[in-house]
>>> print(open('structure-v3.pdb').read())   # PDB, C-alpha atoms, pLDDT in the B column
ATOM      1  CA  MET A   1     -53.624   5.531   0.532  1.00 39.00           C
ATOM      2  CA  PRO A   2     -50.125   6.591   1.629  1.00 40.00           C
ATOM      3  CA  LYS A   3     -47.279   4.271   0.897  1.00 39.00           C
ATOM      4  CA  THR A   4     -46.935   1.628   3.583  1.00 39.00           C
ATOM      5  CA  LEU A   5     -43.727   1.874   5.574  1.00 37.00           C
ATOM      6  CA  LYS A   6     -42.575  -1.675   6.159  1.00 45.00           C
ATOM      7  CA  ARG A   7     -41.416  -2.942   9.510  1.00 46.00           C
ATOM      8  CA  THR A   8     -39.101  -5.921   9.348  1.00 44.00           C
ATOM      9  CA  ASP A   9     -40.181  -9.502   9.956  1.00 49.00           C
ATOM     10  CA  ALA A  10     -37.421  -9.654  12.561  1.00 50.00           C
ATOM     11  CA  ALA A  11     -39.092  -6.866  14.555  1.00 54.00           C
ATOM     12  CA  ALA A  12     -42.478  -8.581  14.429  1.00 55.00           C
ATOM     13  CA  SER A  13     -40.987 -11.908  15.482  1.00 60.00           C
ATOM     14  CA  SER A  14     -39.331 -10.283  18.506  1.00 84.00           C
ATOM     15  CA  VAL A  15     -42.736  -9.473  20.022  1.00 90.00           C
ATOM     16  CA  ARG A  16     -44.903 -11.694  22.217  1.00 92.00           C
ATOM     17  CA  THR A  17     -48.675 -11.315  22.403  1.00 93.00           C
ATOM     18  CA  ARG A  18     -51.138 -12.693  24.905  1.00 92.00           C
ATOM     19  CA  ARG A  19     -54.489 -11.994  26.550  1.00 94.00           C
ATOM     20  CA  ALA A  20     -55.150 -11.611  30.261  1.00 93.00           C
ATOM     21  CA  TYR A  21     -57.610 -10.308  32.841  1.00 94.00           C
ATOM     22  CA  PHE A  22     -56.880  -7.502  35.304  1.00 92.00           C
ATOM     23  CA  ASP A  23     -58.911  -6.191  38.224  1.00 87.00           C
ATOM     24  CA  CYS A  24     -60.483  -2.730  38.110  1.00 87.00           C
ATOM     25  CA  ARG A  25     -63.209  -0.864  40.003  1.00 83.00           C
ATOM     26  CA  PHE A  26     -65.916  -2.581  37.918  1.00 82.00           C
ATOM     27  CA  GLY A  27     -64.644  -6.142  38.161  1.00 86.00           C
ATOM     28  CA  GLN A  28     -62.282  -7.430  35.496  1.00 88.00           C
ATOM     29  CA  LEU A  29     -60.874  -5.984  32.302  1.00 90.00           C
ATOM     30  CA  HIS A  30     -60.013  -8.281  29.426  1.00 94.00           C
ATOM     31  CA  VAL A  31     -56.736  -7.003  27.957  1.00 96.00           C
ATOM     32  CA  ARG A  32     -54.688  -7.845  24.870  1.00 96.00           C
ATOM     33  CA  THR A  33     -50.990  -7.301  25.446  1.00 96.00           C
ATOM     34  CA  ALA A  34     -47.883  -7.225  23.274  1.00 95.00           C
ATOM     35  CA  PHE A  35     -44.324  -6.699  24.430  1.00 92.00           C
ATOM     36  CA  PRO A  36     -40.730  -7.086  23.204  1.00 91.00           C
ATOM     37  CA  THR A  37     -39.202 -10.426  24.115  1.00 84.00           C
ATOM     38  CA  THR A  38     -36.000  -8.628  25.059  1.00 77.00           C
ATOM     39  CA  GLY A  39     -37.738  -6.548  27.759  1.00 64.00           C
ATOM     40  CA  GLY A  40     -35.538  -4.657  30.181  1.00 59.00           C
ATOM     41  CA  PHE A  41     -34.935  -1.009  30.933  1.00 62.00           C
ATOM     42  CA  ASP A  42     -34.347  -0.037  27.306  1.00 71.00           C
ATOM     43  CA  GLU A  43     -38.068  -0.177  26.536  1.00 82.00           C
ATOM     44  CA  GLN A  44     -39.929   2.983  25.574  1.00 92.00           C
ATOM     45  CA  VAL A  45     -42.919   4.231  27.605  1.00 95.00           C
ATOM     46  CA  THR A  46     -45.794   1.734  27.783  1.00 96.00           C
ATOM     47  CA  LEU A  47     -48.688   2.428  25.399  1.00 98.00           C
ATOM     48  CA  PHE A  48     -52.400   1.889  26.147  1.00 98.00           C
ATOM     49  CA  CYS A  49     -54.718   1.546  23.109  1.00 98.00           C
ATOM     50  CA  LEU A  50     -58.412   2.344  23.644  1.00 97.00           C
ATOM     51  CA  HIS A  51     -61.034   1.187  21.135  1.00 96.00           C
ATOM     52  CA  GLY A  52     -64.270   2.877  20.033  1.00 91.00           C
ATOM     53  CA  SER A  53     -67.708   2.221  21.515  1.00 81.00           C
ATOM     54  CA  ALA A  54     -68.806  -0.047  18.660  1.00 79.00           C
ATOM     55  CA  GLY A  55     -65.878  -2.460  18.979  1.00 83.00           C
ATOM     56  CA  ALA A  56     -63.391  -4.074  21.311  1.00 93.00           C
ATOM     57  CA  SER A  57     -59.635  -4.473  21.640  1.00 95.00           C
ATOM     58  CA  ARG A  58     -59.540  -6.928  18.728  1.00 94.00           C
ATOM     59  CA  VAL A  59     -59.594  -3.903  16.389  1.00 95.00           C
ATOM     60  CA  PHE A  60     -55.890  -3.517  17.299  1.00 96.00           C
ATOM     61  CA  ALA A  61     -54.969  -7.198  16.757  1.00 95.00           C
ATOM     62  CA  ARG A  62     -52.771  -6.546  13.700  1.00 95.00           C
ATOM     63  CA  PHE A  63     -51.400  -3.260  15.022  1.00 97.00           C
ATOM     64  CA  LEU A  64     -50.164  -4.407  18.450  1.00 96.00           C
ATOM     65  CA  PRO A  65     -47.287  -6.678  17.341  1.00 95.00           C
ATOM     66  CA  LEU A  66     -45.956  -3.878  15.117  1.00 96.00           C
ATOM     67  CA  ILE A  67     -45.997  -1.052  17.662  1.00 95.00           C
ATOM     68  CA  ALA A  68     -44.670  -3.325  20.440  1.00 95.00           C
ATOM     69  CA  ASP A  69     -41.190  -3.905  19.052  1.00 90.00           C
ATOM     70  CA  GLN A  70     -39.844  -1.169  21.372  1.00 90.00           C
ATOM     71  CA  ARG A  71     -42.481  -0.910  24.127  1.00 94.00           C
ATOM     72  CA  SER A  72     -45.079  -2.904  26.013  1.00 95.00           C
ATOM     73  CA  VAL A  73     -48.619  -2.289  24.765  1.00 97.00           C
ATOM     74  CA  TYR A  74     -51.968  -2.925  26.479  1.00 97.00           C
ATOM     75  CA  ALA A  75     -55.315  -2.833  24.666  1.00 97.00           C
ATOM     76  CA  PRO A  76     -58.198  -3.377  27.109  1.00 96.00           C
ATOM     77  CA  ASP A  77     -61.807  -4.102  26.300  1.00 93.00           C
ATOM     78  CA  LEU A  78     -63.390  -1.056  27.945  1.00 91.00           C
ATOM     79  CA  PRO A  79     -65.970  -1.811  30.683  1.00 88.00           C
ATOM     80  CA  GLY A  80     -69.073  -3.345  29.125  1.00 86.00           C
ATOM     81  CA  SER A  81     -67.316  -4.142  25.829  1.00 86.00           C
ATOM     82  CA  GLY A  82     -65.823  -7.378  24.566  1.00 76.00           C
ATOM     83  CA  GLU A  83     -65.041  -9.710  27.444  1.00 83.00           C
ATOM     84  CA  SER A  84     -64.729  -7.080  30.188  1.00 88.00           C
ATOM     85  CA  ASP A  85     -67.219  -6.749  33.035  1.00 80.00           C
ATOM     86  CA  PRO A  86     -69.740  -3.887  32.723  1.00 85.00           C
ATOM     87  CA  ALA A  87     -69.959  -0.907  35.026  1.00 78.00           C
ATOM     88  CA  GLU A  88     -73.070  -0.361  37.121  1.00 73.00           C
ATOM     89  CA  ALA A  89     -75.605   1.948  35.509  1.00 64.00           C
ATOM     90  CA  GLY A  90     -74.851   5.552  36.377  1.00 56.00           C
ATOM     91  CA  ARG A  91     -71.300   4.764  37.527  1.00 66.00           C
ATOM     92  CA  GLU A  92     -69.582   4.564  34.166  1.00 71.00           C
ATOM     93  CA  ASP A  93     -65.975   5.720  34.428  1.00 87.00           C
ATOM     94  CA  PRO A  94     -63.868   4.052  31.725  1.00 91.00           C
ATOM     95  CA  ALA A  95     -60.985   6.479  32.298  1.00 94.00           C
ATOM     96  CA  GLY A  96     -60.941   5.440  35.949  1.00 92.00           C
ATOM     97  CA  ALA A  97     -60.829   1.782  34.935  1.00 92.00           C
ATOM     98  CA  ILE A  98     -57.789   2.492  32.745  1.00 94.00           C
ATOM     99  CA  ALA A  99     -56.108   4.314  35.641  1.00 95.00           C
ATOM    100  CA  ASP A 100     -56.796   1.206  37.762  1.00 93.00           C
ATOM    101  CA  LEU A 101     -55.098  -0.938  35.119  1.00 94.00           C
ATOM    102  CA  ALA A 102     -52.016   1.303  35.114  1.00 96.00           C
ATOM    103  CA  GLN A 103     -51.878   1.107  38.905  1.00 94.00           C
ATOM    104  CA  ASP A 104     -52.260  -2.675  38.854  1.00 93.00           C
ATOM    105  CA  LEU A 105     -49.319  -2.828  36.448  1.00 94.00           C
ATOM    106  CA  ARG A 106     -47.333  -0.429  38.671  1.00 94.00           C
ATOM    107  CA  LEU A 107     -46.759   1.972  35.809  1.00 95.00           C
ATOM    108  CA  ARG A 108     -45.746   5.496  36.756  1.00 95.00           C
ATOM    109  CA  GLN A 109     -46.186   6.877  33.246  1.00 96.00           C
ATOM    110  CA  ILE A 110     -48.000   5.787  30.092  1.00 98.00           C
ATOM    111  CA  ASP A 111     -48.821   6.986  26.591  1.00 98.00           C
ATOM    112  CA  VAL A 112     -52.446   6.676  25.449  1.00 98.00           C
ATOM    113  CA  LEU A 113     -53.928   6.087  21.985  1.00 98.00           C
ATOM    114  CA  GLY A 114     -57.673   6.608  21.620  1.00 97.00           C
ATOM    115  CA  PHE A 115     -59.586   5.489  18.512  1.00 97.00           C
ATOM    116  CA  GLU A 116     -63.024   6.945  17.740  1.00 95.00           C
ATOM    117  CA  ASN A 117     -64.934   7.115  21.058  1.00 93.00           C
ATOM    118  CA  GLY A 118     -61.866   5.697  22.783  1.00 96.00           C
ATOM    119  CA  ALA A 119     -60.365   9.136  22.128  1.00 96.00           C
ATOM    120  CA  SER A 120     -62.873  10.573  24.620  1.00 95.00           C
ATOM    121  CA  VAL A 121     -61.606   8.154  27.258  1.00 95.00           C
ATOM    122  CA  ALA A 122     -58.010   9.021  26.418  1.00 97.00           C
ATOM    123  CA  VAL A 123     -58.687  12.750  26.796  1.00 96.00           C
ATOM    124  CA  ALA A 124     -60.570  12.266  30.082  1.00 96.00           C
ATOM    125  CA  LEU A 125     -57.699  10.213  31.486  1.00 97.00           C
ATOM    126  CA  ALA A 126     -55.041  12.670  30.294  1.00 97.00           C
ATOM    127  CA  ILE A 127     -56.861  15.624  31.873  1.00 96.00           C
ATOM    128  CA  ALA A 128     -57.605  13.826  35.141  1.00 95.00           C
ATOM    129  CA  ARG A 129     -54.153  12.253  35.468  1.00 96.00           C
ATOM    130  CA  PRO A 130     -51.487  14.484  33.881  1.00 96.00           C
ATOM    131  CA  ASP A 131     -48.995  12.847  36.247  1.00 97.00           C
ATOM    132  CA  LEU A 132     -49.699   9.478  34.601  1.00 98.00           C
ATOM    133  CA  VAL A 133     -50.261  10.292  30.909  1.00 98.00           C
ATOM    134  CA  ARG A 134     -47.150  11.498  29.045  1.00 97.00           C
ATOM    135  CA  ARG A 135     -48.350  11.667  25.416  1.00 98.00           C
ATOM    136  CA  VAL A 136     -51.697  11.298  23.638  1.00 97.00           C
ATOM    137  CA  VAL A 137     -52.644   9.991  20.178  1.00 98.00           C
ATOM    138  CA  LEU A 138     -56.213  10.679  18.975  1.00 96.00           C
ATOM    139  CA  VAL A 139     -57.442   8.831  15.880  1.00 96.00           C
ATOM    140  CA  ALA A 140     -60.779   9.632  14.190  1.00 95.00           C
ATOM    141  CA  ALA A 141     -61.922  11.426  17.349  1.00 94.00           C
ATOM    142  CA  PRO A 142     -65.623  12.353  17.702  1.00 91.00           C
ATOM    143  CA  PRO A 143     -66.397  15.821  16.283  1.00 86.00           C
ATOM    144  CA  THR A 144     -67.797  16.952  19.634  1.00 86.00           C
ATOM    145  CA  LEU A 145     -64.690  16.022  21.627  1.00 89.00           C
ATOM    146  CA  ASP A 146     -63.292  18.992  23.574  1.00 85.00           C
ATOM    147  CA  TRP A 147     -59.565  18.396  23.800  1.00 88.00           C
ATOM    148  CA  VAL A 148     -58.305  21.976  24.097  1.00 89.00           C
ATOM    149  CA  SER A 149     -57.459  21.444  27.805  1.00 89.00           C
ATOM    150  CA  LEU A 150     -54.836  18.807  27.027  1.00 94.00           C
ATOM    151  CA  ARG A 151     -51.329  19.823  28.064  1.00 94.00           C
ATOM    152  CA  GLN A 152     -49.505  16.700  26.924  1.00 96.00           C
ATOM    153  CA  PRO A 153     -47.895  16.494  23.465  1.00 96.00           C
ATOM    154  CA  THR A 154     -50.739  15.245  21.260  1.00 96.00           C
ATOM    155  CA  PHE A 155     -50.944  13.736  17.776  1.00 96.00           C
ATOM    156  CA  VAL A 156     -54.369  14.141  16.151  1.00 95.00           C
ATOM    157  CA  LEU A 157     -55.006  11.924  13.103  1.00 95.00           C
ATOM    158  CA  SER A 158     -58.243  12.685  11.261  1.00 93.00           C
ATOM    159  CA  ILE A 159     -59.462  10.411   8.503  1.00 93.00           C
ATOM    160  CA  GLY A 160     -61.966  10.370   5.655  1.00 89.00           C
ATOM    161  CA  ALA A 161     -62.901  12.971   3.089  1.00 77.00           C
ATOM    162  CA  ASN A 162     -65.152  14.918   5.482  1.00 60.00           C
ATOM    163  CA  ASP A 163     -63.058  14.755   8.656  1.00 59.00           C
ATOM    164  CA  GLY A 164     -60.490  17.474   8.140  1.00 50.00           C
ATOM    165  CA  ALA A 165     -61.985  20.132  10.370  1.00 47.00           C
ATOM    166  CA  GLN A 166     -59.358  19.674  13.069  1.00 46.00           C
ATOM    167  CA  GLY A 167     -56.758  21.390  10.937  1.00 46.00           C
ATOM    168  CA  ASP A 168     -58.608  24.240   9.246  1.00 44.00           C
ATOM    169  CA  GLY A 169     -59.296  26.557  12.153  1.00 44.00           C
ATOM    170  CA  ARG A 170     -62.902  25.533  12.771  1.00 47.00           C
ATOM    171  CA  ARG A 171     -61.768  23.531  15.796  1.00 67.00           C
ATOM    172  CA  ARG A 172     -59.114  24.439  18.327  1.00 78.00           C
ATOM    173  CA  LEU A 173     -56.294  21.998  18.842  1.00 83.00           C
ATOM    174  CA  PRO A 174     -54.432  21.488  22.108  1.00 81.00           C
ATOM    175  CA  ALA A 175     -51.573  23.959  22.504  1.00 82.00           C
ATOM    176  CA  ASN A 176     -48.946  21.234  22.120  1.00 88.00           C
ATOM    177  CA  ALA A 177     -50.520  19.300  19.243  1.00 92.00           C
ATOM    178  CA  ARG A 178     -49.604  17.927  15.847  1.00 93.00           C
ATOM    179  CA  HIS A 179     -52.364  17.314  13.306  1.00 92.00           C
ATOM    180  CA  GLU A 180     -52.483  15.144  10.201  1.00 93.00           C
ATOM    181  CA  HIS A 181     -55.468  14.530   7.946  1.00 92.00           C
ATOM    182  CA  VAL A 182     -55.432  11.449   5.705  1.00 92.00           C
ATOM    183  CA  PRO A 183     -58.639  11.415   3.618  1.00 92.00           C
ATOM    184  CA  GLU A 184     -57.770   8.010   2.142  1.00 91.00           C
ATOM    185  CA  TYR A 185     -58.042   6.316   5.534  1.00 92.00           C
ATOM    186  CA  THR A 186     -61.375   4.827   6.553  1.00 91.00           C
ATOM    187  CA  ALA A 187     -62.605   3.282   9.798  1.00 90.00           C
ATOM    188  CA  ASP A 188     -60.752   0.014   9.097  1.00 92.00           C
ATOM    189  CA  LEU A 189     -57.357   1.750   9.119  1.00 94.00           C
ATOM    190  CA  PHE A 190     -55.926  -0.419  11.938  1.00 95.00           C
ATOM    191  CA  VAL A 191     -56.618  -3.469   9.755  1.00 93.00           C
ATOM    192  CA  ALA A 192     -55.756  -1.925   6.378  1.00 94.00           C
ATOM    193  CA  ALA A 193     -52.624   0.035   7.297  1.00 94.00           C
ATOM    194  CA  PRO A 194     -51.214  -1.230  10.614  1.00 96.00           C
ATOM    195  CA  GLN A 195     -47.581  -0.970   9.510  1.00 95.00           C
ATOM    196  CA  THR A 196     -47.897   2.657   8.445  1.00 95.00           C
ATOM    197  CA  LEU A 197     -49.725   3.599  11.632  1.00 96.00           C
ATOM    198  CA  ALA A 198     -47.184   1.823  13.810  1.00 96.00           C
ATOM    199  CA  ARG A 199     -44.380   3.776  12.178  1.00 95.00           C
ATOM    200  CA  GLN A 200     -46.213   7.129  12.394  1.00 95.00           C
ATOM    201  CA  PHE A 201     -47.137   6.716  16.032  1.00 97.00           C
ATOM    202  CA  ALA A 202     -43.771   5.305  17.100  1.00 96.00           C
ATOM    203  CA  ASP A 203     -42.036   8.304  15.524  1.00 95.00           C
ATOM    204  CA  PHE A 204     -44.266  10.649  17.520  1.00 96.00           C
ATOM    205  CA  LEU A 205     -44.040   8.739  20.797  1.00 96.00           C
ATOM    206  CA  ASN A 206     -40.260   8.473  20.564  1.00 93.00           C
ATOM    207  CA  ASP A 207     -39.734  12.145  19.661  1.00 86.00           C
ATOM    208  CA  GLU A 208     -38.263  13.876  22.710  1.00 74.00           C
ATOM    209  CA  SER A 209     -38.091  17.300  21.071  1.00 65.00           C
ATOM    210  CA  GLY A 210     -41.774  18.112  21.778  1.00 58.00           C
ATOM    211  CA  ALA A 211     -44.992  17.661  19.841  1.00 58.00           C
TER
END
>>> encode(input="structure-v3.pdb", output="structure tokens")
Amino acid sequence: MPKTLKRTDAAASSVRTRRAYFDCRFGQLHVRTAFPTTGGFDEQVTLFCLHGSAGASRVFARFLPLIADQRSVYAPDLPGSGESDPAEAGREDPAGAIADLAQDLRLRQIDVLGFENGASVAVALAIARPDLVRRVVLVAAPPTLDWVSLRQPTFVLSIGANDGAQGDGRRRLPANARHEHVPEYTADLFVAAPQTLARQFADFLNDESGA
């Protein structure tokens, strides 16, 4: 596994975490939040973290305080997962629920991180709302995900020994994308390497030179 890049204890201690409920088109979303205690206009763009279908926002519990030293972060339980209300059968629209959350928070622009099947939600939101989504991070995205229509700067992180197809020409990447394959990472990467991920993603999200 790559060498862990340490973030200081001071940075972690400058972050507050809490849980809350927000209204959306399906009822209520349960959301984990983390934000710098300093707050103010010097914060970077707010980040939304979207979990896979087999889990809930708690997968990001160790990651949130580390990525939130410069920005507010929201990790919702997607509709029907964790403690969020489910959508009615046939009316599933998790990307719409996330757009509702951004509107409730009065956010004009966000960055989105999608993990596993949460990457599908991130892509759907980015395509439907390019005015809202500034940058996209896709981690261990499903092999069938069609992301070529993305126009936002995108960071694709593939993991595992057999998940390197994104970078070898067999799959097309978005035009404005950066790809990294780390075969040593497994599905528990947000628990096993939260410091390294926080540093990697913060570097990408803060980079104003492009993808």
>>> closest_residue(input="structure-v3.pdb", among="A:Leu107, A:Ile98, A:Val73, A:Val148", to="Val121 in chain A", atoms="only C-alpha atoms")
A:Ile98
>>> closest_atom_pairs(input="structure-v3.pdb", of="range 3-115 of chain A", to="range 123-141 of chain A", cutoff="7 Å", atoms="all atoms listed in the file", output="CSV")
residue,atom,partner,partner_atom,distance
A:Ala95,CA,A:Leu125,CA,5.0
A:Arg108,CA,A:Leu132,CA,6.0
A:Gln109,CA,A:Leu132,CA,4.6
A:Ile110,CA,A:Val133,CA,5.1
A:Asp111,CA,A:Arg135,CA,4.8
A:Val112,CA,A:Val136,CA,5.0
A:Leu113,CA,A:Val137,CA,4.5
A:Gly114,CA,A:Leu138,CA,5.1
A:Phe115,CA,A:Val139,CA,4.8
>>> write_last_selection(input="structure-v3.pdb", atoms="C-alpha atoms", output="short mmCIF file (atom, residue, chain, number, x, y, z; two decimals), in the frame of the given file")
data_model
loop_
_atom_site.label_atom_id
_atom_site.label_comp_id
_atom_site.auth_asym_id
_atom_site.auth_seq_id
_atom_site.Cartn_x
_atom_site.Cartn_y
_atom_site.Cartn_z
CA ALA A 95 -60.98 6.48 32.30
CA ARG A 108 -45.75 5.50 36.76
CA GLN A 109 -46.19 6.88 33.25
CA ILE A 110 -48.00 5.79 30.09
CA ASP A 111 -48.82 6.99 26.59
CA VAL A 112 -52.45 6.68 25.45
CA LEU A 113 -53.93 6.09 21.98
CA GLY A 114 -57.67 6.61 21.62
CA PHE A 115 -59.59 5.49 18.51
#
>>> resolve_selection(input="structure-v3.pdb", expression="the PyMOL selection byres ((chain A and resi 177) around 8)", output="PDB file with C-alpha atoms, in the coordinates of the input")
ATOM      1  CA  PRO A 153     -47.895  16.494  23.465  1.00 96.00           C
ATOM      2  CA  THR A 154     -50.739  15.245  21.260  1.00 96.00           C
ATOM      3  CA  PHE A 155     -50.944  13.736  17.776  1.00 96.00           C
ATOM      4  CA  VAL A 156     -54.369  14.141  16.151  1.00 95.00           C
ATOM      5  CA  LEU A 173     -56.294  21.998  18.842  1.00 83.00           C
ATOM      6  CA  PRO A 174     -54.432  21.488  22.108  1.00 81.00           C
ATOM      7  CA  ALA A 175     -51.573  23.959  22.504  1.00 82.00           C
ATOM      8  CA  ASN A 176     -48.946  21.234  22.120  1.00 88.00           C
ATOM      9  CA  ARG A 178     -49.604  17.927  15.847  1.00 93.00           C
ATOM     10  CA  HIS A 179     -52.364  17.314  13.306  1.00 92.00           C
ATOM     11  CA  ALA A 211     -44.992  17.661  19.841  1.00 58.00           C
TER      12      ALA A 211
END
>>> closest_residue(input="structure-v3.pdb", among="A:Ala122, A:Leu157, A:Leu150, A:Cys49", to="Phe63 in chain A", atoms="all atoms listed in the file")
A:Cys49
>>> resolve_selection(input="structure-v3.pdb", expression="the PyMOL selection byres ((chain A and resi 43) around 6)", output="list in words")
Phe41, Asp42, Gln44, Gln70 and Arg71 of chain A
>>> atom_distance(input="structure-v3.pdb", atom1="CA of Phe22 in chain A", atom2="CA of Ala99 in chain A")
11.8 Å
>>> closest_residue(input="structure-v3.pdb", among="A:Leu50, A:Ala161, A:Ala34, A:Ala102", to="Glu116 in chain A", atoms="only C-alpha atoms")
A:Leu50
>>> atom_distance(input="structure-v3.pdb", atom1="CA of Arg199 in chain A", atom2="CA of Phe60 in chain A")
14.6 Å
>>> build_atoms(input="structure-v3.pdb", residues="range 94-110 of chain A", atoms="N, CA and C atoms", output="PDB file, in the frame of the given file")
ATOM      1  N   PRO A  94     -64.896   4.842  32.409  1.00 91.00           N
ATOM      2  CA  PRO A  94     -63.868   4.052  31.725  1.00 91.00           C
ATOM      3  C   PRO A  94     -62.461   4.587  31.941  1.00 91.00           C
ATOM      4  N   ALA A  95     -62.316   5.917  32.055  1.00 94.00           N
ATOM      5  CA  ALA A  95     -60.985   6.479  32.298  1.00 94.00           C
ATOM      6  C   ALA A  95     -60.463   6.016  33.650  1.00 94.00           C
ATOM      7  N   GLY A  96     -61.343   5.942  34.641  1.00 92.00           N
ATOM      8  CA  GLY A  96     -60.941   5.440  35.949  1.00 92.00           C
ATOM      9  C   GLY A  96     -60.513   3.992  35.898  1.00 92.00           C
ATOM     10  N   ALA A  97     -61.203   3.190  35.082  1.00 92.00           N
ATOM     11  CA  ALA A  97     -60.829   1.782  34.935  1.00 92.00           C
ATOM     12  C   ALA A  97     -59.441   1.654  34.320  1.00 92.00           C
ATOM     13  N   ILE A  98     -59.115   2.529  33.363  1.00 94.00           N
ATOM     14  CA  ILE A  98     -57.789   2.492  32.745  1.00 94.00           C
ATOM     15  C   ILE A  98     -56.727   2.933  33.741  1.00 94.00           C
ATOM     16  N   ALA A  99     -57.043   3.911  34.579  1.00 95.00           N
ATOM     17  CA  ALA A  99     -56.108   4.314  35.641  1.00 95.00           C
ATOM     18  C   ALA A  99     -55.880   3.154  36.609  1.00 95.00           C
ATOM     19  N   ASP A 100     -56.940   2.387  36.905  1.00 93.00           N
ATOM     20  CA  ASP A 100     -56.796   1.206  37.762  1.00 93.00           C
ATOM     21  C   ASP A 100     -55.840   0.193  37.128  1.00 93.00           C
ATOM     22  N   LEU A 101     -55.972   0.006  35.820  1.00 94.00           N
ATOM     23  CA  LEU A 101     -55.098  -0.938  35.119  1.00 94.00           C
ATOM     24  C   LEU A 101     -53.640  -0.492  35.217  1.00 94.00           C
ATOM     25  N   ALA A 102     -53.387   0.793  35.008  1.00 96.00           N
ATOM     26  CA  ALA A 102     -52.016   1.303  35.114  1.00 96.00           C
ATOM     27  C   ALA A 102     -51.469   1.099  36.521  1.00 96.00           C
ATOM     28  N   GLN A 103     -52.319   1.313  37.523  1.00 94.00           N
ATOM     29  CA  GLN A 103     -51.878   1.107  38.905  1.00 94.00           C
ATOM     30  C   GLN A 103     -51.597  -0.353  39.179  1.00 94.00           C
ATOM     31  N   ASP A 104     -52.456  -1.236  38.667  1.00 93.00           N
ATOM     32  CA  ASP A 104     -52.260  -2.675  38.854  1.00 93.00           C
ATOM     33  C   ASP A 104     -50.937  -3.121  38.246  1.00 93.00           C
ATOM     34  N   LEU A 105     -50.571  -2.495  37.132  1.00 94.00           N
ATOM     35  CA  LEU A 105     -49.319  -2.828  36.448  1.00 94.00           C
ATOM     36  C   LEU A 105     -48.122  -2.077  37.022  1.00 94.00           C
ATOM     37  N   ARG A 106     -48.373  -1.209  38.002  1.00 94.00           N
ATOM     38  CA  ARG A 106     -47.333  -0.429  38.671  1.00 94.00           C
ATOM     39  C   ARG A 106     -46.571   0.450  37.689  1.00 94.00           C
ATOM     40  N   LEU A 107     -47.338   1.075  36.806  1.00 95.00           N
ATOM     41  CA  LEU A 107     -46.759   1.972  35.809  1.00 95.00           C
ATOM     42  C   LEU A 107     -46.863   3.405  36.304  1.00 95.00           C
ATOM     43  N   ARG A 108     -45.748   4.102  36.323  1.00 95.00           N
ATOM     44  CA  ARG A 108     -45.746   5.496  36.756  1.00 95.00           C
ATOM     45  C   ARG A 108     -46.108   6.446  35.634  1.00 95.00           C
ATOM     46  N   GLN A 109     -45.920   6.012  34.389  1.00 96.00           N
ATOM     47  CA  GLN A 109     -46.186   6.877  33.246  1.00 96.00           C
ATOM     48  C   GLN A 109     -46.582   6.012  32.057  1.00 96.00           C
ATOM     49  N   ILE A 110     -47.553   6.499  31.282  1.00 98.00           N
ATOM     50  CA  ILE A 110     -48.000   5.787  30.092  1.00 98.00           C
ATOM     51  C   ILE A 110     -48.256   6.786  28.966  1.00 98.00           C
TER      52      ILE A 110
END
